[in-house]
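Trainee: What follows is protein_8.json, made up of JSON, C-alpha atoms:
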```
[["chain", "number", "residue", "atom", "x", "y", "z"],
["A", 752, "MET", "CA", 137.82, 137.96, 76.62],
["A", 753, "THR", "CA", 137.17, 140.91, 78.96],
["A", 754, "VAL", "CA", 135.38, 140.64, 82.32],
["A", 755, "GLY", "CA", 132.46, 142.54, 80.86],
["A", 756, "ASN", "CA", 132.13, 140.14, 77.94],
["A", 757, "SER", "CA", 132.35, 137.14, 80.30],
["A", 758, "PHE", "CA", 129.60, 138.63, 82.45],
["A", 759, "GLN", "CA", 127.41, 139.22, 79.43],
["A", 760, "THR", "CA", 127.99, 135.67, 78.21],
["A", 761, "LEU", "CA", 127.06, 134.24, 81.61],
["A", 762, "PHE", "CA", 124.00, 136.41, 82.11],
["A", 763, "THR", "CA", 122.35, 136.70, 78.73],
["A", 764, "THR", "CA", 118.68, 137.59, 78.59],
["A", 765, "ARG", "CA", 117.87, 133.98, 77.84],
["A", 766, "ARG", "CA", 119.69, 132.72, 80.91],
["A", 767, "ILE", "CA", 118.15, 135.39, 83.14],
["A", 768, "VAL", "CA", 114.70, 134.25, 82.00],
["A", 769, "GLY", "CA", 115.71, 130.67, 82.69],
["A", 770, "LEU", "CA", 116.93, 131.49, 86.20],
["A", 771, "LEU", "CA", 113.71, 133.38, 87.00],
["A", 772, "LEU", "CA", 111.65, 130.42, 85.82],
["A", 773, "LEU", "CA", 113.80, 128.12, 87.96],
["A", 774, "ALA", "CA", 113.13, 130.30, 91.00],
["A", 775, "LEU", "CA", 109.38, 130.20, 90.34],
["A", 776, "LEU", "CA", 109.57, 126.42, 89.90],
["A", 777, "ALA", "CA", 111.38, 126.08, 93.25],
["A", 778, "LEU", "CA", 108.75, 128.21, 95.01],
["A", 779, "PHE", "CA", 105.90, 126.25, 93.43],
["A", 780, "ASN", "CA", 107.35, 122.89, 94.45],
["A", 781, "THR", "CA", 108.08, 124.15, 97.97],
["A", 782, "TRP", "CA", 104.43, 125.18, 98.27],
["A", 783, "LEU", "CA", 103.29, 121.79, 97.01],
["A", 784, "LEU", "CA", 105.44, 119.90, 99.51],
["A", 785, "PHE", "CA", 104.80, 122.03, 102.60],
["A", 786, "SER", "CA", 101.40, 123.67, 102.18],
["A", 787, "TYR", "CA", 99.17, 121.89, 99.68],
["A", 788, "ARG", "CA", 96.91, 119.14, 100.96],
["A", 789, "LEU", "CA", 94.68, 116.87, 98.91],
["A", 790, "PRO", "CA", 90.95, 117.30, 99.67],
["A", 791, "GLY", "CA", 90.22, 113.96, 101.40],
["A", 792, "ASN", "CA", 91.51, 112.19, 104.50],
["A", 793, "SER", "CA", 90.67, 108.61, 103.57],
["A", 794, "GLU", "CA", 93.24, 105.82, 103.15],
["A", 795, "PHE", "CA", 93.21, 106.49, 99.41],
["A", 796, "TRP", "CA", 93.88, 110.21, 99.75],
["A", 797, "LEU", "CA", 96.55, 109.64, 102.39],
["A", 798, "THR", "CA", 98.43, 107.14, 100.23],
["A", 799, "LEU", "CA", 97.97, 109.37, 97.18],
["A", 800, "HIS", "CA", 99.42, 112.24, 99.20],
["A", 801, "GLU", "CA", 102.48, 110.12, 99.98],
["A", 802, "SER", "CA", 102.79, 109.07, 96.33],
["A", 803, "GLY", "CA", 102.53, 112.74, 95.49],
["A", 804, "HIS", "CA", 106.17, 113.07, 96.51],
["A", 805, "GLY", "CA", 107.10, 111.02, 93.47],
["A", 806, "LEU", "CA", 104.76, 112.97, 91.19],
["A", 807, "ILE", "CA", 106.06, 116.32, 92.46],
["A", 808, "PHE", "CA", 109.67, 115.32, 91.83],
["A", 809, "LEU", "CA", 108.73, 113.93, 88.42],
["A", 810, "LEU", "CA", 107.32, 117.38, 87.59],
["A", 811, "LEU", "CA", 110.35, 119.10, 89.13],
["A", 812, "SER", "CA", 112.97, 117.01, 87.32],
["A", 813, "LEU", "CA", 111.16, 117.13, 83.97],
["A", 814, "SER", "CA", 110.68, 120.90, 84.27],
["A", 815, "LEU", "CA", 114.33, 121.37, 85.20],
["A", 816, "CYS", "CA", 115.43, 119.33, 82.19],
["A", 817, "VAL", "CA", 113.26, 121.43, 79.87],
["A", 818, "LEU", "CA", 114.30, 124.76, 81.40],
["A", 819, "PHE", "CA", 118.00, 123.83, 81.36],
["A", 820, "HIS", "CA", 117.63, 122.63, 77.76],
["A", 821, "LEU", "CA", 115.94, 125.85, 76.61],
["A", 822, "PHE", "CA", 117.73, 128.48, 78.67],
["A", 823, "ILE", "CA", 120.87, 127.35, 80.48],
["A", 824, "PHE", "CA", 122.92, 124.42, 79.17],
["A", 825, "GLU", "CA", 123.95, 123.38, 75.71],
["A", 826, "ASN", "CA", 125.59, 120.16, 76.93],
["A", 827, "SER", "CA", 123.04, 117.43, 77.73],
["A", 828, "ASN", "CA", 125.38, 115.63, 80.17],
["A", 829, "ARG", "CA", 125.74, 118.76, 82.27],
["A", 830, "LEU", "CA", 122.02, 119.27, 82.05],
["A", 831, "LEU", "CA", 121.27, 115.81, 83.45],
["A", 832, "LEU", "CA", 123.90, 116.05, 86.19],
["A", 833, "ALA", "CA", 122.60, 119.46, 87.29],
["A", 834, "THR", "CA", 119.00, 118.19, 87.30],
["A", 835, "VAL", "CA", 119.75, 115.11, 89.39],
["A", 836, "PHE", "CA", 121.99, 117.03, 91.81],
["A", 837, "ILE", "CA", 119.45, 119.83, 92.38],
["A", 838, "CYS", "CA", 116.54, 117.41, 92.83],
["A", 839, "ILE", "CA", 118.41, 115.19, 95.31],
["A", 840, "ALA", "CA", 119.63, 118.23, 97.25],
["A", 841, "PHE", "CA", 116.13, 119.73, 97.27],
["A", 842, "GLY", "CA", 114.56, 116.43, 98.40],
["A", 843, "GLY", "CA", 117.11, 116.00, 101.19],
["A", 844, "ALA", "CA", 116.63, 119.60, 102.32],
["A", 845, "VAL", "CA", 112.85, 119.14, 102.43],
["A", 846, "GLU", "CA", 113.18, 116.12, 104.73],
["A", 847, "LEU", "CA", 115.64, 117.94, 107.00],
["A", 848, "VAL", "CA", 113.38, 120.99, 107.25],
["A", 849, "GLN", "CA", 110.36, 118.79, 107.99],
["A", 850, "SER", "CA", 112.22, 117.26, 110.94],
["A", 851, "LYS", "CA", 112.65, 120.76, 112.39],
["A", 852, "VAL", "CA", 109.05, 121.96, 112.05],
["A", 853, "GLY", "CA", 107.14, 119.22, 113.84],
["A", 854, "ARG", "CA", 106.96, 116.76, 110.94],
["A", 855, "SER", "CA", 109.12, 113.67, 110.70],
["A", 856, "ALA", "CA", 111.80, 113.14, 108.08],
["A", 857, "SER", "CA", 111.11, 110.01, 106.07],
["A", 858, "TRP", "CA", 113.38, 107.75, 104.05],
["A", 859, "SER", "CA", 110.30, 106.43, 102.26],
["A", 860, "ASP", "CA", 109.45, 109.96, 101.09],
["A", 861, "PHE", "CA", 113.05, 110.46, 99.93],
["A", 862, "TRP", "CA", 112.84, 107.13, 98.05],
["A", 863, "LEU", "CA", 109.69, 108.35, 96.31],
["A", 864, "ASP", "CA", 111.51, 111.61, 95.49],
["A", 865, "LEU", "CA", 114.28, 109.62, 93.78],
["A", 866, "LEU", "CA", 111.68, 107.52, 91.97],
["A", 867, "GLY", "CA", 110.06, 110.70, 90.63],
["A", 868, "VAL", "CA", 113.43, 112.14, 89.57],
["A", 869, "CYS", "CA", 114.27, 109.00, 87.60],
["A", 870, "ALA", "CA", 110.83, 109.05, 85.97],
["A", 871, "GLY", "CA", 111.14, 112.72, 85.01],
["A", 872, "VAL", "CA", 114.64, 112.29, 83.57],
["A", 873, "SER", "CA", 113.45, 109.21, 81.66],
["A", 874, "LEU", "CA", 110.57, 111.19, 80.15],
["A", 875, "TYR", "CA", 113.00, 113.91, 79.08],
["A", 876, "LEU", "CA", 115.35, 111.37, 77.48],
["A", 877, "SER", "CA", 112.43, 109.72, 75.69],
["A", 878, "TRP", "CA", 111.70, 113.14, 74.13],
["A", 879, "LEU", "CA", 115.35, 113.93, 73.39],
["A", 880, "LEU", "CA", 116.45, 110.61, 71.91],
["A", 881, "ARG", "CA", 115.38, 108.84, 68.74],
["A", 882, "GLY", "CA", 114.89, 105.23, 67.73],
["A", 883, "ALA", "CA", 114.70, 102.33, 70.17],
["A", 884, "TRP", "CA", 116.15, 104.33, 73.09],
["A", 885, "ARG", "CA", 113.15, 106.65, 73.01],
["A", 886, "TRP", "CA", 110.83, 103.71, 73.72],
["A", 887, "VAL", "CA", 113.17, 102.22, 76.33],
["A", 888, "PHE", "CA", 113.14, 105.42, 78.40],
["A", 889, "LEU", "CA", 109.42, 105.98, 77.84],
["A", 890, "CYS", "CA", 108.64, 102.47, 79.12],
["A", 891, "LEU", "CA", 110.99, 103.01, 82.07],
["A", 892, "ALA", "CA", 109.19, 106.25, 82.97],
["A", 893, "VAL", "CA", 105.79, 104.52, 82.84],
["A", 894, "LEU", "CA", 107.11, 101.68, 85.00],
["A", 895, "LEU", "CA", 108.49, 104.09, 87.61],
["A", 896, "ILE", "CA", 105.24, 106.06, 87.71],
["A", 897, "GLY", "CA", 103.39, 102.76, 88.19],
["A", 898, "VAL", "CA", 105.63, 101.87, 91.14],
["A", 899, "ASP", "CA", 104.99, 105.29, 92.66],
["A", 900, "LEU", "CA", 101.19, 104.92, 92.35],
["A", 901, "TYR", "CA", 101.07, 101.28, 93.47],
["A", 902, "ASP", "CA", 99.93, 102.02, 97.04],
["A", 903, "PRO", "CA", 96.92, 104.18, 95.99],
["A", 904, "TYR", "CA", 96.01, 101.44, 93.51],
["A", 905, "LYS", "CA", 96.16, 98.85, 96.32],
["A", 906, "VAL", "CA", 93.78, 100.97, 98.41],
["A", 907, "LEU", "CA", 91.29, 101.29, 95.56],
["A", 908, "LYS", "CA", 91.41, 97.54, 94.92],
["A", 909, "ALA", "CA", 91.01, 96.76, 98.62],
["A", 910, "GLY", "CA", 88.03, 99.11, 98.80],
["A", 911, "ARG", "CA", 86.28, 97.28, 95.96],
["A", 912, "LEU", "CA", 86.90, 93.89, 97.58],
["A", 913, "ARG", "CA", 85.74, 95.24, 100.94],
["A", 914, "ALA", "CA", 82.40, 96.17, 99.34],
["A", 915, "VAL", "CA", 82.06, 92.65, 97.91],
["A", 916, "ALA", "CA", 82.78, 91.04, 101.30],
["A", 917, "PHE", "CA", 80.26, 93.17, 103.21],
["A", 918, "PRO", "CA", 78.43, 92.54, 105.60],
["A", 919, "VAL", "CA", 81.64, 90.86, 106.76],
["A", 920, "ILE", "CA", 83.74, 93.70, 108.17],
["A", 921, "ALA", "CA", 86.81, 91.67, 109.12],
["A", 922, "ASP", "CA", 87.34, 87.91, 109.11],
["A", 923, "PHE", "CA", 91.16, 88.26, 109.02],
["A", 924, "ASP", "CA", 91.44, 85.66, 106.23],
["A", 925, "ASN", "CA", 90.88, 88.24, 103.50],
["A", 926, "PRO", "CA", 94.00, 90.34, 102.75],
["A", 927, "ALA", "CA", 91.83, 93.07, 101.25],
["A", 928, "LEU", "CA", 89.91, 93.46, 104.51],
["A", 929, "ASN", "CA", 93.11, 93.18, 106.54],
["A", 930, "PHE", "CA", 94.42, 96.21, 104.66],
["A", 931, "PHE", "CA", 92.10, 98.37, 106.79],
["A", 932, "VAL", "CA", 93.10, 96.77, 110.11],
["A", 933, "HIS", "CA", 95.70, 98.64, 112.16],
["A", 934, "ALA", "CA", 97.15, 98.56, 115.64],
["A", 935, "GLY", "CA", 96.07, 101.39, 117.91],
["A", 936, "ASN", "CA", 98.43, 103.18, 120.29],
["A", 937, "THR", "CA", 100.56, 100.57, 122.14],
["A", 938, "GLY", "CA", 98.81, 97.62, 120.52],
["A", 939, "LYS", "CA", 100.28, 95.18, 118.02],
["A", 940, "VAL", "CA", 98.11, 93.31, 115.51],
["A", 941, "SER", "CA", 99.10, 90.21, 113.53],
["A", 942, "PHE", "CA", 97.07, 87.69, 111.54],
["A", 943, "VAL", "CA", 97.62, 84.14, 112.74],
["A", 944, "ALA", "CA", 95.93, 80.75, 112.98],
["A", 945, "ALA", "CA", 93.48, 80.50, 115.85],
["A", 946, "PRO", "CA", 95.16, 79.29, 119.05],
["A", 947, "GLU", "CA", 94.92, 75.62, 120.02],
["A", 948, "GLU", "CA", 92.62, 76.52, 122.91],
["A", 949, "TRP", "CA", 90.08, 77.69, 120.31],
["A", 950, "PRO", "CA", 89.70, 74.35, 118.46],
["A", 951, "GLU", "CA", 86.35, 75.11, 116.83],
["A", 952, "ASN", "CA", 87.97, 77.92, 114.83],
["A", 953, "ALA", "CA", 90.03, 76.61, 111.89],
["A", 954, "THR", "CA", 90.53, 80.03, 110.25],
["A", 955, "GLN", "CA", 92.90, 82.93, 110.61],
["A", 956, "VAL", "CA", 92.24, 85.42, 113.42],
["A", 957, "ALA", "CA", 93.63, 88.76, 114.59],
["A", 958, "LYS", "CA", 96.10, 88.42, 117.43],
["A", 959, "LEU", "CA", 95.90, 91.62, 119.46],
["A", 960, "GLU", "CA", 98.88, 92.09, 121.75],
["A", 961, "GLN", "CA", 98.19, 94.94, 124.17],
["A", 962, "PHE", "CA", 101.22, 96.51, 125.79],
["A", 963, "PRO", "CA", 101.02, 98.92, 128.75],
["A", 964, "GLY", "CA", 99.77, 102.28, 127.57],
["A", 965, "ALA", "CA", 96.78, 104.57, 127.24],
["A", 966, "TRP", "CA", 94.66, 102.90, 124.52],
["A", 967, "PRO", "CA", 96.23, 99.73, 123.08],
["A", 968, "GLY", "CA", 93.84, 98.22, 120.58],
["A", 969, "LEU", "CA", 92.74, 97.11, 117.14],
["A", 970, "ASN", "CA", 91.46, 99.77, 114.77],
["A", 971, "ILE", "CA", 89.45, 99.10, 111.61],
["A", 972, "THR", "CA", 89.46, 102.22, 109.47],
["A", 973, "GLU", "CA", 87.00, 102.94, 106.69],
["A", 974, "VAL", "CA", 84.58, 100.10, 107.27],
["A", 975, "PHE", "CA", 81.96, 99.74, 104.56],
["A", 976, "PRO", "CA", 79.79, 102.75, 105.48],
["A", 977, "ASP", "CA", 76.14, 101.80, 104.92],
["A", 978, "TRP", "CA", 74.85, 99.77, 107.88],
["A", 979, "ARG", "CA", 71.18, 100.73, 107.50],
["A", 980, "ASN", "CA", 69.84, 97.37, 106.31],
["A", 981, "TYR", "CA", 71.23, 95.37, 109.23],
["A", 982, "LYS", "CA", 70.22, 94.85, 112.85],
["A", 983, "VAL", "CA", 73.20, 93.48, 114.75],
["A", 984, "LEU", "CA", 76.99, 93.85, 114.94],
["A", 985, "GLU", "CA", 78.58, 90.58, 116.06],
["A", 986, "PHE", "CA", 82.13, 89.42, 116.77],
["A", 987, "ASP", "CA", 84.13, 86.84, 118.71],
["A", 988, "ILE", "CA", 86.89, 87.43, 121.24],
["A", 989, "PHE", "CA", 89.02, 84.72, 122.81],
["A", 990, "ASN", "CA", 90.83, 85.46, 126.07],
["A", 991, "PRO", "CA", 93.64, 82.93, 126.72],
["A", 992, "GLN", "CA", 94.60, 84.39, 130.11],
["A", 993, "PRO", "CA", 93.09, 83.13, 133.38],
["A", 994, "GLU", "CA", 92.54, 86.75, 134.38],
["A", 995, "SER", "CA", 89.43, 88.53, 133.20],
["A", 996, "ALA", "CA", 89.87, 91.30, 130.64],
["A", 997, "ARG", "CA", 88.04, 94.56, 130.13],
["A", 998, "PHE", "CA", 87.90, 96.33, 126.78],
["A", 999, "THR", "CA", 85.86, 98.98, 124.98],
["A", 1000, "LEU", "CA", 84.07, 98.68, 121.65],
["A", 1001, "ARG", "CA", 83.96, 101.98, 119.79],
["A", 1002, "VAL", "CA", 82.03, 102.80, 116.60],
["A", 1003, "HIS", "CA", 81.95, 106.25, 115.00],
["A", 1004, "ASP", "CA", 80.56, 107.79, 111.84],
["A", 1005, "ALA", "CA", 81.98, 110.23, 109.30],
["A", 1006, "HIS", "CA", 80.73, 113.23, 111.33],
["A", 1007, "HIS", "CA", 82.61, 112.27, 114.49],
["A", 1008, "ASP", "CA", 84.23, 115.25, 116.28],
["A", 1009, "TYR", "CA", 86.76, 113.04, 118.12],
["A", 1010, "GLN", "CA", 85.08, 113.58, 121.48],
["A", 1011, "TYR", "CA", 84.24, 110.55, 123.65],
["A", 1012, "SER", "CA", 80.58, 111.63, 123.87],
["A", 1013, "ASP", "CA", 80.20, 111.83, 120.07],
["A", 1014, "ARG", "CA", 80.38, 108.10, 119.32],
["A", 1015, "PHE", "CA", 79.18, 104.71, 120.47],
["A", 1016, "ASN", "CA", 81.25, 103.30, 123.35],
["A", 1017, "LYS", "CA", 80.55, 100.10, 125.24],
["A", 1018, "THR", "CA", 82.85, 98.59, 127.87],
["A", 1019, "LEU", "CA", 82.76, 94.79, 127.99],
["A", 1020, "LYS", "CA", 84.31, 92.33, 130.44],
["A", 1021, "ILE", "CA", 85.35, 88.81, 129.51],
["A", 1022, "THR", "CA", 86.62, 85.87, 131.50],
["A", 1023, "GLN", "CA", 89.02, 83.24, 130.17],
["A", 1024, "GLY", "CA", 87.86, 81.51, 126.99],
["A", 1025, "LEU", "CA", 85.64, 82.30, 124.00],
["A", 1026, "HIS", "CA", 83.02, 85.04, 124.02],
["A", 1027, "HIS", "CA", 80.52, 85.89, 121.29],
["A", 1028, "PHE", "CA", 79.03, 89.37, 121.30],
["A", 1029, "GLU", "CA", 75.95, 90.73, 119.56],
["A", 1030, "ILE", "CA", 75.40, 94.49, 119.71],
["A", 1031, "PRO", "CA", 72.07, 95.87, 118.39],
["A", 1032, "LEU", "CA", 72.71, 98.51, 115.74],
["A", 1033, "GLU", "CA", 69.98, 100.65, 117.26],
["A", 1034, "LYS", "CA", 72.18, 101.07, 120.34],
["A", 1035, "ILE", "CA", 75.11, 101.98, 118.12],
["A", 1036, "LYS", "CA", 72.94, 104.50, 116.33],
["A", 1037, "GLN", "CA", 71.97, 106.15, 119.63],
["A", 1038, "GLY", "CA", 75.54, 106.05, 120.95],
["A", 1039, "PRO", "CA", 76.48, 109.75, 120.62],
["A", 1040, "LYS", "CA", 75.14, 111.90, 123.45],
["A", 1041, "HIS", "CA", 73.73, 114.81, 121.47],
["A", 1042, "ARG", "CA", 72.82, 113.24, 118.12],
["A", 1043, "ALA", "CA", 72.41, 109.91, 116.34],
["A", 1044, "ASN", "CA", 75.15, 108.10, 114.48],
["A", 1045, "ASP", "CA", 74.68, 108.34, 110.71],
["A", 1046, "MET", "CA", 74.20, 104.64, 109.91],
["A", 1047, "ALA", "CA", 74.70, 105.30, 106.20],
["A", 1048, "ASN", "CA", 78.15, 106.77, 106.87],
["A", 1049, "ILE", "CA", 79.85, 104.66, 109.52],
["A", 1050, "ARG", "CA", 83.58, 105.34, 109.38],
["A", 1051, "GLY", "CA", 85.50, 103.23, 111.91],
["A", 1052, "LEU", "CA", 85.43, 100.52, 114.54],
["A", 1053, "MET", "CA", 87.89, 100.00, 117.36],
["A", 1054, "ILE", "CA", 88.44, 97.44, 120.12],
["A", 1055, "TYR", "CA", 90.78, 98.82, 122.78],
["A", 1056, "SER", "CA", 91.62, 98.88, 126.46],
["A", 1057, "TYR", "CA", 92.08, 101.96, 128.63],
["A", 1058, "LYS", "CA", 95.26, 102.54, 130.66],
["A", 1059, "LEU", "CA", 96.49, 98.97, 130.58],
["A", 1060, "ASP", "CA", 99.26, 98.41, 133.11],
["A", 1061, "LYS", "CA", 100.58, 95.02, 131.91],
["A", 1062, "LYS", "CA", 100.79, 93.11, 128.65],
["A", 1063, "ARG", "CA", 97.77, 91.11, 127.53],
["A", 1064, "THR", "CA", 96.85, 89.12, 124.42],
["A", 1065, "LEU", "CA", 93.38, 88.73, 122.93],
["A", 1066, "TYR", "CA", 92.23, 86.99, 119.74],
["A", 1067, "VAL", "CA", 89.49, 88.60, 117.61],
["A", 1068, "ASP", "CA", 87.50, 87.12, 114.74],
["A", 1069, "ASN", "CA", 84.30, 87.24, 112.66],
["A", 1070, "ILE", "CA", 83.40, 90.93, 112.88],
["A", 1071, "GLN", "CA", 80.27, 91.25, 110.78],
["A", 1072, "LEU", "CA", 76.72, 92.54, 110.53],
["A", 1073, "ARG", "CA", 73.54, 90.56, 110.21]]
```
How would this structure read if it were set down as structure tokens?
Mentor:
Amino acid sequence: MTVGNSFQTLFTTRRIVGLLLLALLALFNTWLLFSYRLPGNSEFWLTLHESGHGLIFLLLSLSLCVLFHLFIFENSNRLLLATVFICIAFGGAVELVQSKVGRSASWSDFWLDLLGVCAGVSLYLSWLLRGAWRWVFLCLAVLLIGVDLYDPYKVLKAGRLRAVAFPVIADFDNPALNFFVHAGNTGKVSFVAAPEEWPENATQVAKLEQFPGAWPGLNITEVFPDWRNYKVLEFDIFNPQPESARFTLRVHDAHHDYQYSDRFNKTLKITQGLHHFEIPLEKIKQGPKHRANDMANIRGLMIYSYKLDKKRTLYVDNIQLR
């Protein structure tokens, strides 16, 4: 076979079309991973964005299998090896590039990439094969997609249970409500039995360990938004230290511009022992300096300290409206 014939065999019109489509597929997936953002910024949209890694690599691997099948390879084993190799290399390259452009590389994202690759290859094999193997690979693909979308499903389920529990915002016994509780800055939050010094409380509470830093605290994201039919926000804080403690209660709505003056802030001081607080919602409504909080669209609640210079532990419980 002459060099010219070899070149023609390698670069037939069909293969050239296939390579062009592969290039377009690579550009499209690069745009999805680096530029496209889902429309919301809630817990659901954030987790769906993370799960999107798996869905993108499902699309990529399935598309590669189809393009290789139609335009490039005649051998299915080579097709599968090329698909898996390209997807893994592309996923690894994406994480490395992200680490160089101000975004962190993530093993969890790479794991979701692999999950999507396996799902895409399984879907291709379910189309290619016949008999029982078709159903085996189809069921495997569905299972892998379910694993990929499990976190967004958890958020949706937690949101429904949060609505049922309202006007309780956080009692720290309900795992669905705890899903929305996070540590802020140099804080650490865990859910434990009430300390022995708080004998009248037989339930689980939030243990807030505050380490030296700017704003160590407890952050409740996406509280149930409509507070209009209630009058008071109440909660309990237990201070086990002999020293008094100062902390700030913050409440903001969905229109918050992340400025201190555009939310409700109240600094409270507690001595050792148990303290019960009741904050009128009218004061929370009038908290922002230049407008009123939208009480139908409250977004978050935070308990934090400012510029703490030594470690401190507080226990929080029974955050609710009445």
Trainee: Can you tell me, as a list in words, what residues are no more than 8 Å from A:Asp1013 when counting only C-alpha atoms, ignoring any on the same chain fewer than 4 positions away?
Mentor: His1003, His1007, Asp1008, Tyr1009, Gly1038, Pro1039, Lys1040, His1041 and Arg1042 of chain A
Trainee: Hey, can you spit out that residue selection with C-alpha atoms as an mmCIF file, in the frame of the given file?
Mentor:
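Okay, this is what ended up in again-v4.cif:
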```
data_model
loop_
_atom_site.group_PDB
_atom_site.id
_atom_site.type_symbol
_atom_site.label_atom_id
_atom_site.label_comp_id
_atom_site.auth_asym_id
_atom_site.auth_seq_id
_atom_site.Cartn_x
_atom_site.Cartn_y
_atom_site.Cartn_z
ATOM 1 C CA HIS A 1003 81.950 106.250 115.000
ATOM 2 C CA HIS A 1007 82.610 112.270 114.490
ATOM 3 C CA ASP A 1008 84.230 115.250 116.280
ATOM 4 C CA TYR A 1009 86.760 113.040 118.120
ATOM 5 C CA GLY A 1038 75.540 106.050 120.950
ATOM 6 C CA PRO A 1039 76.480 109.750 120.620
ATOM 7 C CA LYS A 1040 75.140 111.900 123.450
ATOM 8 C CA HIS A 1041 73.730 114.810 121.470
ATOM 9 C CA ARG A 1042 72.820 113.240 118.120
#
```
Trainee: Check the smallest atom-to-atom distance from each of A:Cys869, A:Phe962, A:Asn936, A:Gly882 to A:Leu831 using all atoms listed in the file, then report the winner.
Mentor: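 Smallest separation from A:Leu831 among the options: A:Cys869.
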Trainee: Do a neighbour search on stretch 801-811 of chain A at 9 Å with only C-alpha atoms, toss out local chain neighbours closer than 5 positions, and write the hits as JSON, numbers by chain.
Mentor: {"A": [776, 777, 780, 783, 784, 796, 816, 834, 838, 842, 859, 860, 861, 862, 863, 864, 865, 866, 867, 868, 869, 870, 871, 872, 874, 896, 899, 900, 901, 902, 903]}
Trainee: Would you export the selected residues with C-alpha atoms as a PDB file, in the frame of the given file, please?
Mentor:
```
ATOM      1  CA  LEU A 776     109.570 126.420  89.900  1.00  0.00           C
ATOM      2  CA  ALA A 777     111.380 126.080  93.250  1.00  0.00           C
ATOM      3  CA  ASN A 780     107.350 122.890  94.450  1.00  0.00           C
ATOM      4  CA  LEU A 783     103.290 121.790  97.010  1.00  0.00           C
ATOM      5  CA  LEU A 784     105.440 119.900  99.510  1.00  0.00           C
ATOM      6  CA  TRP A 796      93.880 110.210  99.750  1.00  0.00           C
ATOM      7  CA  CYS A 816     115.430 119.330  82.190  1.00  0.00           C
ATOM      8  CA  THR A 834     119.000 118.190  87.300  1.00  0.00           C
ATOM      9  CA  CYS A 838     116.540 117.410  92.830  1.00  0.00           C
ATOM     10  CA  GLY A 842     114.560 116.430  98.400  1.00  0.00           C
ATOM     11  CA  SER A 859     110.300 106.430 102.260  1.00  0.00           C
ATOM     12  CA  ASP A 860     109.450 109.960 101.090  1.00  0.00           C
ATOM     13  CA  PHE A 861     113.050 110.460  99.930  1.00  0.00           C
ATOM     14  CA  TRP A 862     112.840 107.130  98.050  1.00  0.00           C
ATOM     15  CA  LEU A 863     109.690 108.350  96.310  1.00  0.00           C
ATOM     16  CA  ASP A 864     111.510 111.610  95.490  1.00  0.00           C
ATOM     17  CA  LEU A 865     114.280 109.620  93.780  1.00  0.00           C
ATOM     18  CA  LEU A 866     111.680 107.520  91.970  1.00  0.00           C
ATOM     19  CA  GLY A 867     110.060 110.700  90.630  1.00  0.00           C
ATOM     20  CA  VAL A 868     113.430 112.140  89.570  1.00  0.00           C
ATOM     21  CA  CYS A 869     114.270 109.000  87.600  1.00  0.00           C
ATOM     22  CA  ALA A 870     110.830 109.050  85.970  1.00  0.00           C
ATOM     23  CA  GLY A 871     111.140 112.720  85.010  1.00  0.00           C
ATOM     24  CA  VAL A 872     114.640 112.290  83.570  1.00  0.00           C
ATOM     25  CA  LEU A 874     110.570 111.190  80.150  1.00  0.00           C
ATOM     26  CA  ILE A 896     105.240 106.060  87.710  1.00  0.00           C
ATOM     27  CA  ASP A 899     104.990 105.290  92.660  1.00  0.00           C
ATOM     28  CA  LEU A 900     101.190 104.920  92.350  1.00  0.00           C
ATOM     29  CA  TYR A 901     101.070 101.280  93.470  1.00  0.00           C
ATOM     30  CA  ASP A 902      99.930 102.020  97.040  1.00  0.00           C
ATOM     31  CA  PRO A 903      96.920 104.180  95.990  1.00  0.00           C
TER      32      PRO A 903
END
```
Trainee: So how far away is atom CA of A:Glu794 from atom CA of A:Ser812, in Å?
Mentor: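 A separation of 27.7 Å between them.
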Trainee: Between atom CA of A:Asn1016 and atom CA of A:Gly910, what is the distance in Å, rounded to a tenth?
Mentor: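 Separating atom CA of A:Asn1016 from atom CA of A:Gly910 is a distance of 25.8 Å.
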